[in-house]
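What's in work-v7.txt: compact mmCIF, C-alpha atoms
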```
# COMPACT_ATOMS: atom_id res chain seq x y z
CA MET C 294 9.88 30.99 -16.43
CA ASP C 295 7.60 27.99 -15.74
CA GLN C 296 7.07 27.83 -11.95
CA ALA C 297 7.70 24.08 -12.04
CA GLU C 298 11.23 24.67 -13.34
CA LEU C 299 12.20 27.22 -10.67
CA SER C 300 15.12 26.20 -8.49
CA ILE C 301 15.66 27.13 -4.84
CA GLU C 302 18.78 29.04 -5.85
CA GLN C 303 16.90 31.16 -8.42
CA VAL C 304 14.17 32.03 -5.95
CA LEU C 305 16.64 32.98 -3.23
CA LYS C 306 18.37 35.47 -5.53
CA ARG C 307 15.29 37.69 -5.46
CA ASP C 308 15.15 40.95 -3.57
CA ILE C 309 11.94 41.08 -1.56
CA PRO C 310 10.84 44.62 -0.41
CA TRP C 311 10.41 43.73 3.25
CA GLU C 312 10.28 47.43 4.29
CA THR C 313 7.11 47.85 2.21
CA TYR C 314 5.48 45.01 4.11
CA MET C 315 6.49 46.64 7.42
CA ASN C 316 4.88 49.91 6.30
CA THR C 317 1.62 48.02 5.64
CA LYS C 318 2.01 46.30 9.04
CA LEU C 319 2.23 42.83 7.43
CA VAL C 320 5.73 42.48 8.90
CA SER C 321 6.61 43.88 12.32
CA ALA C 322 9.71 45.91 13.15
CA LYS C 323 11.09 42.93 15.04
CA GLY C 324 10.31 40.70 12.06
CA LEU C 325 12.13 43.07 9.72
CA GLN C 326 15.15 43.06 12.03
CA LEU C 327 15.21 39.24 12.03
CA LEU C 328 14.92 39.16 8.23
CA ARG C 329 17.79 41.62 7.75
CA ARG C 330 20.04 39.49 9.94
CA TYR C 331 19.08 36.29 8.07
CA ASP C 332 18.43 37.33 4.46
CA LYS C 333 21.25 36.87 1.89
CA LYS C 334 23.63 35.56 4.56
CA PRO C 335 25.97 32.53 4.16
CA GLU C 336 24.65 29.15 5.30
CA SER C 337 26.99 29.10 8.32
CA ALA C 338 25.62 32.45 9.53
CA ARG C 339 22.03 31.31 9.04
CA ALA C 340 22.75 28.09 10.92
CA GLN C 341 24.05 30.08 13.89
CA LEU C 342 20.95 32.32 13.88
CA LEU C 343 18.68 29.25 13.85
CA ASP C 344 20.64 27.75 16.73
CA GLU C 345 20.25 30.96 18.72
CA ASP C 346 16.72 32.00 17.83
CA GLY C 347 15.15 29.20 15.74
CA PRO C 348 11.54 29.39 17.08
CA ALA C 349 11.42 33.15 16.41
CA TYR C 350 12.36 32.58 12.77
CA VAL C 351 9.77 29.81 12.43
CA HIS C 352 7.14 32.14 13.89
CA LEU C 353 8.19 34.86 11.44
CA PHE C 354 8.15 32.60 8.36
CA VAL C 355 4.76 31.08 9.25
CA SER C 356 3.30 34.56 9.90
CA ILE C 357 4.45 35.81 6.50
CA LEU C 358 2.91 32.78 4.74
CA ARG C 359 -0.31 33.34 6.69
CA ASP C 360 -0.61 37.09 6.04
CA ILE C 361 1.08 37.75 2.68
CA PHE C 362 -0.31 36.31 -0.55
CA LYS C 363 1.99 37.78 -3.18
CA GLU C 364 3.24 34.75 -5.12
CA GLU C 365 6.89 35.75 -5.37
CA THR C 366 7.09 36.39 -1.63
CA VAL C 367 5.39 33.09 -0.80
CA GLU C 368 7.85 31.26 -3.06
CA TYR C 369 10.76 33.07 -1.41
CA VAL C 370 9.75 32.19 2.16
CA LEU C 371 9.04 28.57 1.18
CA ALA C 372 12.53 28.46 -0.36
CA LEU C 373 14.03 29.76 2.90
CA ILE C 374 12.23 27.10 4.95
CA TYR C 375 13.01 24.34 2.43
CA GLU C 376 16.70 25.26 2.43
CA MET C 377 16.71 25.39 6.23
CA LEU C 378 15.16 21.92 6.60
CA SER C 379 16.93 20.17 3.73
CA ALA C 380 20.28 21.26 5.22
CA ASN C 381 19.23 19.79 8.59
CA PRO C 382 15.85 17.97 8.81
CA THR C 383 16.03 17.89 12.62
CA ARG C 384 15.28 21.63 12.53
CA ALA C 385 11.67 20.63 11.84
CA ARG C 386 11.43 20.24 15.62
CA LEU C 387 11.59 24.04 15.85
CA PHE C 388 8.01 24.11 14.52
CA HIS C 389 6.93 22.26 17.68
CA ASP C 390 8.67 24.51 20.17
CA GLU C 391 6.61 25.30 23.29
CA SER C 392 6.70 29.00 22.44
CA LEU C 393 4.65 28.20 19.31
CA ALA C 394 1.97 26.22 21.15
CA ASN C 395 -0.74 28.72 20.15
CA GLU C 396 0.50 29.01 16.56
CA ASP C 397 -1.04 26.86 13.80
CA THR C 398 2.20 25.98 12.03
CA TYR C 399 0.44 23.60 9.60
CA GLU C 400 -2.31 25.77 8.13
CA PRO C 401 -0.30 27.87 5.63
CA PHE C 402 1.39 24.81 4.08
CA LEU C 403 -1.84 22.80 3.96
CA ARG C 404 -3.62 25.70 2.22
CA LEU C 405 -0.77 26.24 -0.25
CA LEU C 406 -0.93 22.61 -1.40
CA TRP C 407 -3.94 23.51 -3.51
CA LYS C 408 -2.44 26.65 -5.03
CA GLY C 409 -2.03 26.41 -8.81
CA ASN C 410 1.75 26.72 -8.73
CA TRP C 411 3.90 23.60 -8.72
CA PHE C 412 6.89 25.17 -6.96
CA ILE C 413 4.63 26.20 -4.07
CA GLN C 414 2.80 22.85 -4.00
CA GLU C 415 5.95 20.75 -4.06
CA LYS C 416 7.79 22.72 -1.39
CA SER C 417 4.71 22.93 0.87
CA CYS C 418 4.23 19.17 0.64
CA LYS C 419 7.82 18.36 1.50
CA ILE C 420 7.94 20.89 4.35
CA LEU C 421 4.69 19.51 5.81
CA ALA C 422 6.07 15.97 5.70
CA TRP C 423 9.23 17.09 7.54
CA ILE C 424 7.24 18.95 10.19
CA ILE C 425 4.79 16.08 10.78
CA SER C 426 7.58 13.49 10.99
CA ALA C 427 9.34 15.60 13.65
CA ARG C 428 6.23 15.99 15.79
CA PRO C 429 6.46 14.70 19.40
CA LYS C 430 4.79 11.33 19.89
CA ALA C 431 3.28 9.44 22.80
CA GLY C 432 3.53 5.73 22.07
CA ASN C 433 2.28 5.31 18.51
CA ALA C 434 0.08 8.41 18.56
CA VAL C 435 1.03 11.79 17.19
CA ILE C 436 0.47 14.48 19.81
CA GLY C 437 -1.50 17.60 19.00
CA ASN C 438 -4.99 18.98 18.57
CA GLY C 439 -6.25 18.94 15.02
CA ILE C 440 -3.36 16.82 13.70
CA ASP C 441 -5.81 14.23 12.33
CA ASP C 442 -7.44 16.88 10.13
CA VAL C 443 -4.03 18.04 8.92
CA LEU C 444 -2.98 14.50 8.02
CA LYS C 445 -6.30 13.84 6.33
CA GLY C 446 -5.91 17.00 4.23
CA LEU C 447 -2.35 16.11 3.27
CA VAL C 448 -3.30 12.52 2.37
CA GLU C 449 -6.15 13.85 0.23
CA TRP C 450 -3.68 15.97 -1.76
CA LEU C 451 -1.20 13.09 -2.07
CA CYS C 452 -3.91 10.78 -3.42
CA ALA C 453 -4.96 13.49 -5.86
CA GLN C 454 -1.37 13.53 -7.15
CA LEU C 455 -1.38 9.76 -7.63
CA LYS C 456 -4.67 10.03 -9.53
CA GLN C 457 -4.04 13.17 -11.59
CA PRO C 458 -0.58 14.72 -11.00
CA SER C 459 -0.21 18.51 -10.99
CA HIS C 460 3.17 18.05 -12.66
CA PRO C 461 3.64 15.36 -15.36
CA THR C 462 6.97 14.02 -14.13
CA ARG C 463 7.27 15.20 -10.52
CA GLY C 464 3.75 14.92 -9.13
CA ILE C 465 3.81 11.18 -8.45
CA PRO C 466 7.43 11.02 -7.19
CA ILE C 467 6.89 13.78 -4.60
CA ALA C 468 3.65 12.12 -3.43
CA ILE C 469 5.34 8.72 -3.07
CA ASN C 470 8.36 10.27 -1.35
CA CYS C 471 6.15 11.90 1.29
CA LEU C 472 4.00 8.79 1.73
CA SER C 473 7.07 6.61 2.28
CA SER C 474 7.80 8.78 5.33
CA LEU C 475 4.28 9.48 6.57
CA LEU C 476 2.86 5.93 6.35
CA LYS C 477 4.84 5.10 9.48
CA GLU C 478 1.98 6.86 11.31
CA PRO C 479 -1.07 4.62 11.97
CA VAL C 480 -3.43 7.57 11.46
CA VAL C 481 -1.91 8.20 8.01
CA ARG C 482 -2.38 4.54 7.06
CA SER C 483 -6.02 4.81 8.08
CA SER C 484 -6.59 8.01 6.09
CA PHE C 485 -4.77 6.59 3.08
CA VAL C 486 -6.89 3.43 3.00
CA GLN C 487 -10.12 5.40 3.51
CA ALA C 488 -9.15 7.62 0.56
CA ASP C 489 -8.72 4.47 -1.63
CA GLY C 490 -5.02 5.27 -1.85
CA VAL C 491 -3.96 1.60 -1.98
CA LYS C 492 -5.84 1.18 -5.25
CA LEU C 493 -3.83 4.06 -6.70
CA LEU C 494 -0.52 2.75 -5.34
CA VAL C 495 -0.56 -0.87 -6.54
CA PRO C 496 -0.58 -0.15 -10.32
CA LEU C 497 2.66 1.84 -9.85
CA ILE C 498 4.59 -1.30 -8.81
CA SER C 499 6.68 -2.34 -11.82
CA PRO C 500 10.35 -3.10 -12.53
CA ALA C 501 12.52 0.02 -12.94
CA SER C 502 14.88 0.81 -15.81
CA THR C 503 16.74 3.95 -14.67
CA GLN C 504 18.38 5.11 -11.46
CA GLN C 505 15.65 7.71 -10.96
CA SER C 506 12.85 5.21 -11.49
CA MET C 507 14.70 2.74 -9.24
CA GLN C 508 14.48 5.21 -6.35
CA LEU C 509 10.78 5.73 -7.07
CA LEU C 510 10.22 1.96 -7.15
CA TYR C 511 12.03 1.58 -3.84
CA GLU C 512 9.80 4.21 -2.21
CA ILE C 513 6.66 2.62 -3.70
CA CYS C 514 7.67 -0.78 -2.29
CA LEU C 515 8.51 0.90 1.03
CA CYS C 516 4.92 2.23 1.12
CA VAL C 517 3.56 -1.28 0.49
CA TRP C 518 5.78 -2.67 3.25
CA LEU C 519 4.47 -0.07 5.72
CA LEU C 520 0.89 -0.89 4.68
CA SER C 521 1.56 -4.61 5.25
CA TYR C 522 1.35 -3.85 8.99
CA TYR C 523 -2.21 -2.51 8.65
CA GLU C 524 -5.07 -5.02 8.37
CA PRO C 525 -7.55 -2.91 6.33
CA ALA C 526 -4.80 -2.30 3.75
CA ILE C 527 -3.92 -6.00 3.71
CA GLU C 528 -7.50 -6.83 2.74
CA TYR C 529 -7.10 -4.83 -0.46
CA LEU C 530 -3.58 -6.09 -1.16
CA ALA C 531 -4.98 -9.64 -1.03
CA THR C 532 -7.55 -9.02 -3.76
CA SER C 533 -5.34 -7.02 -6.14
CA ARG C 534 -2.35 -7.97 -8.28
CA THR C 535 0.05 -6.85 -5.57
CA MET C 536 1.76 -10.22 -5.18
CA GLN C 537 2.21 -10.69 -8.92
CA ARG C 538 3.69 -7.20 -9.29
CA LEU C 539 6.04 -7.55 -6.30
CA THR C 540 7.19 -10.94 -7.59
CA GLU C 541 8.08 -9.42 -10.96
CA VAL C 542 10.00 -6.67 -9.19
CA VAL C 543 12.02 -9.05 -7.03
CA LYS C 544 12.79 -11.29 -10.03
CA ASN C 545 14.07 -8.42 -12.16
CA SER C 546 15.70 -6.06 -9.65
CA THR C 547 19.41 -6.03 -8.83
CA LYS C 548 19.15 -3.15 -6.36
CA GLU C 549 19.66 -4.57 -2.88
CA LYS C 550 17.43 -2.11 -1.04
CA VAL C 551 14.52 -2.83 -3.42
CA VAL C 552 14.88 -6.61 -3.03
CA ARG C 553 15.18 -6.19 0.74
CA VAL C 554 11.95 -4.21 1.18
CA VAL C 555 9.99 -6.59 -1.08
CA ILE C 556 11.25 -9.68 0.78
CA LEU C 557 10.39 -8.05 4.13
CA THR C 558 6.89 -7.39 2.76
CA PHE C 559 6.53 -11.04 1.71
CA ARG C 560 7.67 -12.12 5.18
CA ASN C 561 5.03 -9.91 6.79
CA LEU C 562 2.25 -11.25 4.57
CA LEU C 563 3.19 -14.93 4.48
CA GLN C 564 0.93 -16.03 7.32
CA LYS C 565 -1.99 -13.74 6.47
CA GLY C 566 -5.03 -14.91 4.50
CA THR C 567 -4.26 -16.49 1.12
CA PHE C 568 -0.92 -14.72 0.62
CA GLY C 569 1.12 -17.85 1.34
CA ALA C 570 -0.82 -19.81 -1.26
CA GLN C 571 -0.36 -16.99 -3.78
CA MET C 572 3.40 -16.99 -3.15
CA VAL C 573 3.59 -20.71 -3.80
CA ASP C 574 1.52 -20.42 -6.97
CA LEU C 575 3.78 -17.60 -8.22
CA GLY C 576 6.87 -19.78 -7.83
CA LEU C 577 8.36 -17.77 -4.98
CA PRO C 578 10.14 -20.77 -3.37
CA HIS C 579 12.26 -21.16 -6.52
CA ILE C 580 12.87 -17.40 -6.73
CA ILE C 581 14.05 -17.36 -3.08
CA GLN C 582 16.54 -20.13 -3.80
CA SER C 583 17.91 -18.11 -6.72
CA LEU C 584 18.14 -14.92 -4.62
CA LYS C 585 20.06 -16.74 -1.89
CA THR C 586 22.88 -17.49 -4.34
CA LYS C 587 23.60 -13.77 -4.90
CA PRO C 588 26.25 -11.86 -2.90
CA TRP C 589 24.01 -9.63 -0.77
CA SER C 590 25.73 -7.59 1.94
CA ASP C 591 22.61 -6.72 3.98
CA GLU C 592 22.28 -9.14 6.90
CA ASP C 593 18.60 -8.26 7.36
CA LEU C 594 17.94 -9.34 3.78
CA LEU C 595 19.80 -12.63 4.25
CA ASP C 596 17.87 -13.36 7.45
CA ALA C 597 14.55 -12.49 5.78
CA LEU C 598 15.33 -14.77 2.81
CA ASN C 599 16.06 -17.68 5.19
CA GLN C 600 12.91 -17.03 7.23
CA LEU C 601 10.77 -16.73 4.11
CA GLU C 602 12.22 -19.95 2.67
CA GLU C 603 11.39 -21.89 5.84
CA GLY C 604 7.94 -20.31 6.06
CA LEU C 605 7.16 -21.27 2.47
CA LYS C 606 8.26 -24.86 3.10
CA ASP C 607 5.76 -25.08 5.97
CA LYS C 608 3.10 -23.41 3.82
CA ILE C 609 3.62 -25.94 1.01
CA LYS C 610 3.07 -28.82 3.47
CA LYS C 611 -0.20 -27.29 4.67
CA LEU C 612 -1.32 -26.38 1.18
CA SER C 613 -1.23 -30.03 0.14
CA SER C 614 -4.65 -30.34 1.74
CA PHE C 615 -7.64 -28.08 2.35
CA ASP C 616 -5.88 -24.70 2.17
CA LYS C 617 -4.62 -25.47 -1.31
CA TYR C 618 -8.07 -26.67 -2.33
CA LYS C 619 -9.73 -23.57 -0.84
CA GLN C 620 -7.34 -21.29 -2.73
CA GLU C 621 -8.19 -23.02 -6.02
CA VAL C 622 -11.95 -22.74 -5.45
CA LEU C 623 -11.79 -19.07 -4.42
CA LEU C 624 -9.85 -18.25 -7.59
CA GLY C 625 -12.74 -19.80 -9.56
CA HIS C 626 -10.62 -21.89 -11.97
CA LEU C 627 -10.81 -25.62 -11.19
CA ASP C 628 -8.79 -28.47 -12.70
CA TRP C 629 -8.41 -32.19 -12.07
CA ASN C 630 -5.72 -31.87 -9.42
CA PRO C 631 -5.17 -35.17 -7.54
CA MET C 632 -6.92 -34.06 -4.35
CA HIS C 633 -10.32 -33.84 -6.08
CA LYS C 634 -10.47 -37.63 -6.47
CA GLU C 635 -8.45 -38.66 -3.42
CA ALA C 636 -10.71 -40.37 -0.91
CA ASN C 637 -8.34 -39.50 1.96
CA PHE C 638 -8.58 -35.80 1.15
CA TRP C 639 -12.38 -35.88 1.45
CA ARG C 640 -12.41 -38.06 4.57
CA GLU C 641 -9.90 -35.79 6.35
CA ASN C 642 -11.24 -32.44 5.19
CA VAL C 643 -14.97 -32.71 4.56
CA THR C 644 -15.83 -31.05 7.87
CA CYS C 645 -13.67 -28.05 6.84
CA PHE C 646 -16.40 -27.24 4.33
CA GLU C 647 -18.54 -26.14 7.29
CA GLU C 648 -16.33 -23.07 7.86
CA ASN C 649 -17.93 -19.64 7.37
CA ASP C 650 -21.41 -21.07 6.82
CA PHE C 651 -20.27 -23.49 4.08
CA GLN C 652 -18.48 -20.73 2.17
CA ILE C 653 -16.54 -23.04 -0.15
CA LEU C 654 -19.61 -25.10 -0.99
CA ARG C 655 -21.48 -21.90 -1.83
CA VAL C 656 -18.60 -20.76 -4.07
CA LEU C 657 -18.74 -24.10 -5.93
CA LEU C 658 -22.43 -23.47 -6.59
CA THR C 659 -21.66 -19.94 -7.76
CA ILE C 660 -19.14 -21.39 -10.23
CA LEU C 661 -21.97 -23.51 -11.67
CA ASP C 662 -23.97 -20.30 -12.24
CA THR C 663 -21.23 -18.06 -13.60
CA SER C 664 -18.35 -20.02 -15.15
CA SER C 665 -18.06 -20.57 -18.90
CA ASP C 666 -15.09 -22.93 -18.51
CA PRO C 667 -16.21 -26.57 -19.08
CA ARG C 668 -13.38 -27.98 -16.95
CA SER C 669 -14.31 -25.78 -13.97
CA LEU C 670 -17.99 -26.74 -14.33
CA ALA C 671 -17.17 -30.48 -14.49
CA VAL C 672 -14.86 -30.36 -11.45
CA ALA C 673 -17.38 -28.28 -9.45
CA CYS C 674 -20.13 -30.84 -10.13
CA PHE C 675 -17.81 -33.65 -9.11
CA ASP C 676 -16.72 -31.91 -5.90
CA ILE C 677 -20.33 -31.28 -4.89
CA SER C 678 -21.03 -34.97 -5.42
CA GLN C 679 -17.98 -35.83 -3.29
CA PHE C 680 -19.29 -33.60 -0.50
CA ILE C 681 -22.65 -35.39 -0.67
CA GLN C 682 -20.89 -38.75 -0.38
CA TYR C 683 -18.46 -37.96 2.44
CA HIS C 684 -20.35 -35.52 4.69
CA ALA C 685 -22.82 -37.10 7.07
CA ALA C 686 -25.48 -34.53 6.19
CA GLY C 687 -24.15 -33.74 2.72
CA ARG C 688 -27.30 -34.63 0.79
CA VAL C 689 -29.52 -32.45 3.02
CA ILE C 690 -27.12 -29.50 3.05
CA VAL C 691 -26.70 -29.46 -0.73
CA ALA C 692 -30.46 -29.78 -1.22
CA ASP C 693 -31.08 -26.86 1.15
CA LEU C 694 -28.68 -24.73 -0.92
CA LYS C 695 -30.88 -25.45 -3.98
CA ALA C 696 -28.10 -27.16 -5.90
CA LYS C 697 -30.39 -29.58 -7.75
CA GLU C 698 -31.77 -26.98 -10.19
CA ARG C 699 -28.32 -25.59 -10.95
CA VAL C 700 -26.77 -28.98 -11.61
CA MET C 701 -29.69 -30.24 -13.73
CA LYS C 702 -29.22 -27.31 -16.13
CA LEU C 703 -25.75 -28.69 -16.89
CA MET C 704 -26.98 -32.17 -17.80
CA ASN C 705 -27.64 -30.87 -21.33
CA HIS C 706 -24.30 -29.09 -21.62
CA GLU C 707 -22.47 -29.45 -24.94
CA ASN C 708 -19.36 -30.73 -23.17
CA ALA C 709 -19.46 -34.46 -22.36
CA GLU C 710 -17.24 -34.09 -19.28
CA VAL C 711 -19.70 -31.58 -17.80
CA THR C 712 -22.79 -33.73 -18.49
CA LYS C 713 -21.10 -36.84 -17.05
CA ASN C 714 -20.26 -35.14 -13.74
CA ALA C 715 -23.58 -33.31 -13.56
CA LEU C 716 -25.34 -36.67 -13.86
CA LEU C 717 -23.15 -38.19 -11.14
CA CYS C 718 -23.95 -35.26 -8.85
CA ILE C 719 -27.71 -35.57 -9.42
CA GLN C 720 -27.60 -39.33 -8.79
CA ARG C 721 -25.81 -38.86 -5.49
CA LEU C 722 -28.20 -36.07 -4.55
CA LEU C 723 -31.28 -38.19 -5.25
CA LEU C 724 -29.99 -41.44 -3.77
CA GLY C 725 -29.54 -41.93 -0.05
CA ALA C 726 -26.03 -42.00 1.43
CA LYS C 727 -26.34 -45.78 1.69
CA TYR C 728 -26.32 -46.12 -2.12
CA ALA C 729 -24.36 -43.00 -3.17
CA SER C 730 -20.99 -44.65 -2.46
CA PHE C 731 -21.66 -47.29 -5.14
CA LEU C 732 -21.68 -44.65 -7.89
CA GLN C 733 -18.31 -44.18 -9.59
CA ALA C 734 -17.03 -41.13 -11.40
```
Please re-express this file's structure in structure tokens.
Amino acid sequence: MDQAELSIEQVLKRDIPWETYMNTKLVSAKGLQLLRRYDKKPESARAQLLDEDGPAYVHLFVSILRDIFKEETVEYVLALIYEMLSANPTRARLFHDESLANEDTYEPFLRLLWKGNWFIQEKSCKILAWIISARPKAGNAVIGNGIDDVLKGLVEWLCAQLKQPSHPTRGIPIAINCLSSLLKEPVVRSSFVQADGVKLLVPLISPASTQQSMQLLYEICLCVWLLSYYEPAIEYLATSRTMQRLTEVVKNSTKEKVVRVVILTFRNLLQKGTFGAQMVDLGLPHIIQSLKTKPWSDEDLLDALNQLEEGLKDKIKKLSSFDKYKQEVLLGHLDWNPMHKEANFWRENVTCFEENDFQILRVLLTILDTSSDPRSLAVACFDISQFIQYHAAGRVIVADLKAKERVMKLMNHENAEVTKNALLCIQRLLLGAKYASFLQA
């Protein structure tokens, strides 16, 4: 049978020759005694044994995985541990018992992740996630020597699954499931971003069609929400299609927990960078109004919708001026929005162009060099001429940035709108401020 199709029940029906392992000294007499008491017993009997002597069984199982490499035996012991933890995940704390302080309880599972057997990989991954999540913490830090290396190794395998799954249908779901638990840890977020995991995660965000894919979508969105608390991850989310994808999800999803985690993500990101502007451009205020009319039962979701609605109203007010303009320029597609020709906009905001060493002015000049859109070229020329007119040192600053040569190339452009505004820009650049105001667009 294909190892990927093996079930826990099938594996646990096997008869493992433990006496043979004792004869070869791979299992001790005490270990054999523990196994005989535990093996093939009802769940209630096993539960009692774990309550009485849990750390001893953990030590035994980890020792077998460390010392025995026969595939069927490895599968069997992983099945025992998986069954033990899935029945009661709090038993993962047994792996951190003081009596096991000198035992590396992670190493066997971390090593088995890379074994060419999906049953072993899948169970090792899930067991590792349970054990790590149960580890004692001090503040936000996970306690333990070498834990960073363990987490880094696990994240490496999870990213490998997102990139090229070991199993065609289960590789990505198991990776996402583990990440949705582990990304609560700051050190995991750091490792995940360093491994370029965010770039692998974002393309997976898309509306779901089945119950199974709905659960996967929820866990993907949960990962994004956890990453929205981590600045280096936010930097990538801002420059990808994350907002567009999440907006499509929230528009098309009827599952309350999916909508809730997306809205909480939006709330986290609203005040960061250009996210607020992106939300406005994507029509989120209207979507929020529509969502508020639905009969949600989750109070956290209702509160988040109200907070997001108010936050977007404030953002829209601010975006009527320089923030909105900055967003348009950074996207590189300019149009004749009213603010370009409004004198009040330039009088009130011209000093904002000084931010980040005249970043926006430099982007306008880059648009002149790189854009093939006549409208963007015409508006960029006009805006540069407006800066010259309204900034006290505008003519000198633009000249220092070597704008003259760039603009003059556009005076012979095939589009009349481009040549008209290029000419205006050159005139204002060549004339002193005293005369530049007499020139009309």
| message | Could you tell me how far CA of Met701 in chain C sits from CA of Asn714 in chain C, in Å to one decimal place? | response |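 Calculated distance between CA of Asn714 in chain C and CA of Met701 in chain C is 10.6 Å.
For the choices C:Gln457, C:Asp332, C:Leu387, C:Asn642, the atom-to-atom distance to Asp344 in chain C is smallest for C:Leu387 when using only C-alpha atoms.
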(Q) Using only C-alpha atoms for the distances, tell me which of C:Val351, C:Leu595, C:Ala468, C:Ala372 is nearest to Glu302 in chain C. (A)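 Nearest candidate to Glu302 in chain C out of C:Val351, C:Leu595, C:Ala468, C:Ala372: C:Ala372.
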What separates CA of Ser614 in chain C and CA of Glu602 in chain C is a distance of 19.8 Å
Taking all atoms listed in the file into account, name the residue in C:Ser426, C:Thr313, C:Thr547, C:Gln600 that is nearest to Leu475 in chain C.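 Using all atoms listed in the file, the shortest distance to Leu475 in chain C belongs to C:Ser426.
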Exercise for the section: Quick one: everything within 12 Å of Asp574 in chain C, counting all atoms listed in the file, minus sequence neighbours fewer than 3 positions away in the same chain. Send it as a list in words. Expected result: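 The filter keeps Met536, Gln537, Thr540, Thr567, Phe568, Gly569, Ala570, Gln571, Leu577, Pro578, His579, Ile580, Leu605, Lys608, Ile609, Leu612, Lys617, Gln620, Glu621 and Leu624 of chain C.
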Incomplete range 493-507 of chain C brought to N, CA and C atoms, written out as a PDB file, in the frame of the given file:
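File produced: rebuild.pdb:
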```pdb
ATOM      1  N   LEU C 493      -4.627   3.197  -5.830  1.00  0.00           N
ATOM      2  CA  LEU C 493      -3.830   4.060  -6.700  1.00  0.00           C
ATOM      3  C   LEU C 493      -2.351   3.675  -6.654  1.00  0.00           C
ATOM      4  N   LEU C 494      -1.931   3.082  -5.544  1.00  0.00           N
ATOM      5  CA  LEU C 494      -0.520   2.750  -5.340  1.00  0.00           C
ATOM      6  C   LEU C 494      -0.109   1.481  -6.078  1.00  0.00           C
ATOM      7  N   VAL C 495      -0.931   0.446  -6.000  1.00  0.00           N
ATOM      8  CA  VAL C 495      -0.560  -0.870  -6.540  1.00  0.00           C
ATOM      9  C   VAL C 495      -0.199  -0.845  -8.024  1.00  0.00           C
ATOM     10  N   PRO C 496      -0.952  -0.143  -8.886  1.00  0.00           N
ATOM     11  CA  PRO C 496      -0.580  -0.150 -10.320  1.00  0.00           C
ATOM     12  C   PRO C 496       0.785   0.471 -10.603  1.00  0.00           C
ATOM     13  N   LEU C 497       1.352   1.199  -9.645  1.00  0.00           N
ATOM     14  CA  LEU C 497       2.660   1.840  -9.850  1.00  0.00           C
ATOM     15  C   LEU C 497       3.820   0.869  -9.629  1.00  0.00           C
ATOM     16  N   ILE C 498       3.537  -0.317  -9.092  1.00  0.00           N
ATOM     17  CA  ILE C 498       4.590  -1.300  -8.810  1.00  0.00           C
ATOM     18  C   ILE C 498       4.990  -1.981 -10.114  1.00  0.00           C
ATOM     19  N   SER C 499       6.178  -1.683 -10.608  1.00  0.00           N
ATOM     20  CA  SER C 499       6.680  -2.340 -11.820  1.00  0.00           C
ATOM     21  C   SER C 499       8.187  -2.197 -11.859  1.00  0.00           C
ATOM     22  N   PRO C 500       8.889  -3.161 -12.482  1.00  0.00           N
ATOM     23  CA  PRO C 500      10.350  -3.100 -12.530  1.00  0.00           C
ATOM     24  C   PRO C 500      10.857  -1.775 -13.090  1.00  0.00           C
ATOM     25  N   ALA C 501      11.970  -1.288 -12.550  1.00  0.00           N
ATOM     26  CA  ALA C 501      12.520   0.020 -12.940  1.00  0.00           C
ATOM     27  C   ALA C 501      13.646  -0.155 -13.953  1.00  0.00           C
ATOM     28  N   SER C 502      13.852   0.885 -14.771  1.00  0.00           N
ATOM     29  CA  SER C 502      14.880   0.810 -15.810  1.00  0.00           C
ATOM     30  C   SER C 502      15.983   1.852 -15.624  1.00  0.00           C
ATOM     31  N   THR C 503      15.738   2.908 -14.888  1.00  0.00           N
ATOM     32  CA  THR C 503      16.740   3.950 -14.670  1.00  0.00           C
ATOM     33  C   THR C 503      16.981   4.146 -13.190  1.00  0.00           C
ATOM     34  N   GLN C 504      18.058   4.845 -12.865  1.00  0.00           N
ATOM     35  CA  GLN C 504      18.380   5.110 -11.460  1.00  0.00           C
ATOM     36  C   GLN C 504      17.269   5.905 -10.786  1.00  0.00           C
ATOM     37  N   GLN C 505      16.724   6.878 -11.518  1.00  0.00           N
ATOM     38  CA  GLN C 505      15.650   7.710 -10.960  1.00  0.00           C
ATOM     39  C   GLN C 505      14.401   6.875 -10.701  1.00  0.00           C
ATOM     40  N   SER C 506      14.041   6.036 -11.677  1.00  0.00           N
ATOM     41  CA  SER C 506      12.850   5.210 -11.490  1.00  0.00           C
ATOM     42  C   SER C 506      13.099   4.119 -10.457  1.00  0.00           C
ATOM     43  N   MET C 507      14.360   3.718 -10.276  1.00  0.00           N
ATOM     44  CA  MET C 507      14.700   2.740  -9.240  1.00  0.00           C
ATOM     45  C   MET C 507      14.411   3.303  -7.856  1.00  0.00           C
TER      46      MET C 507
END
```
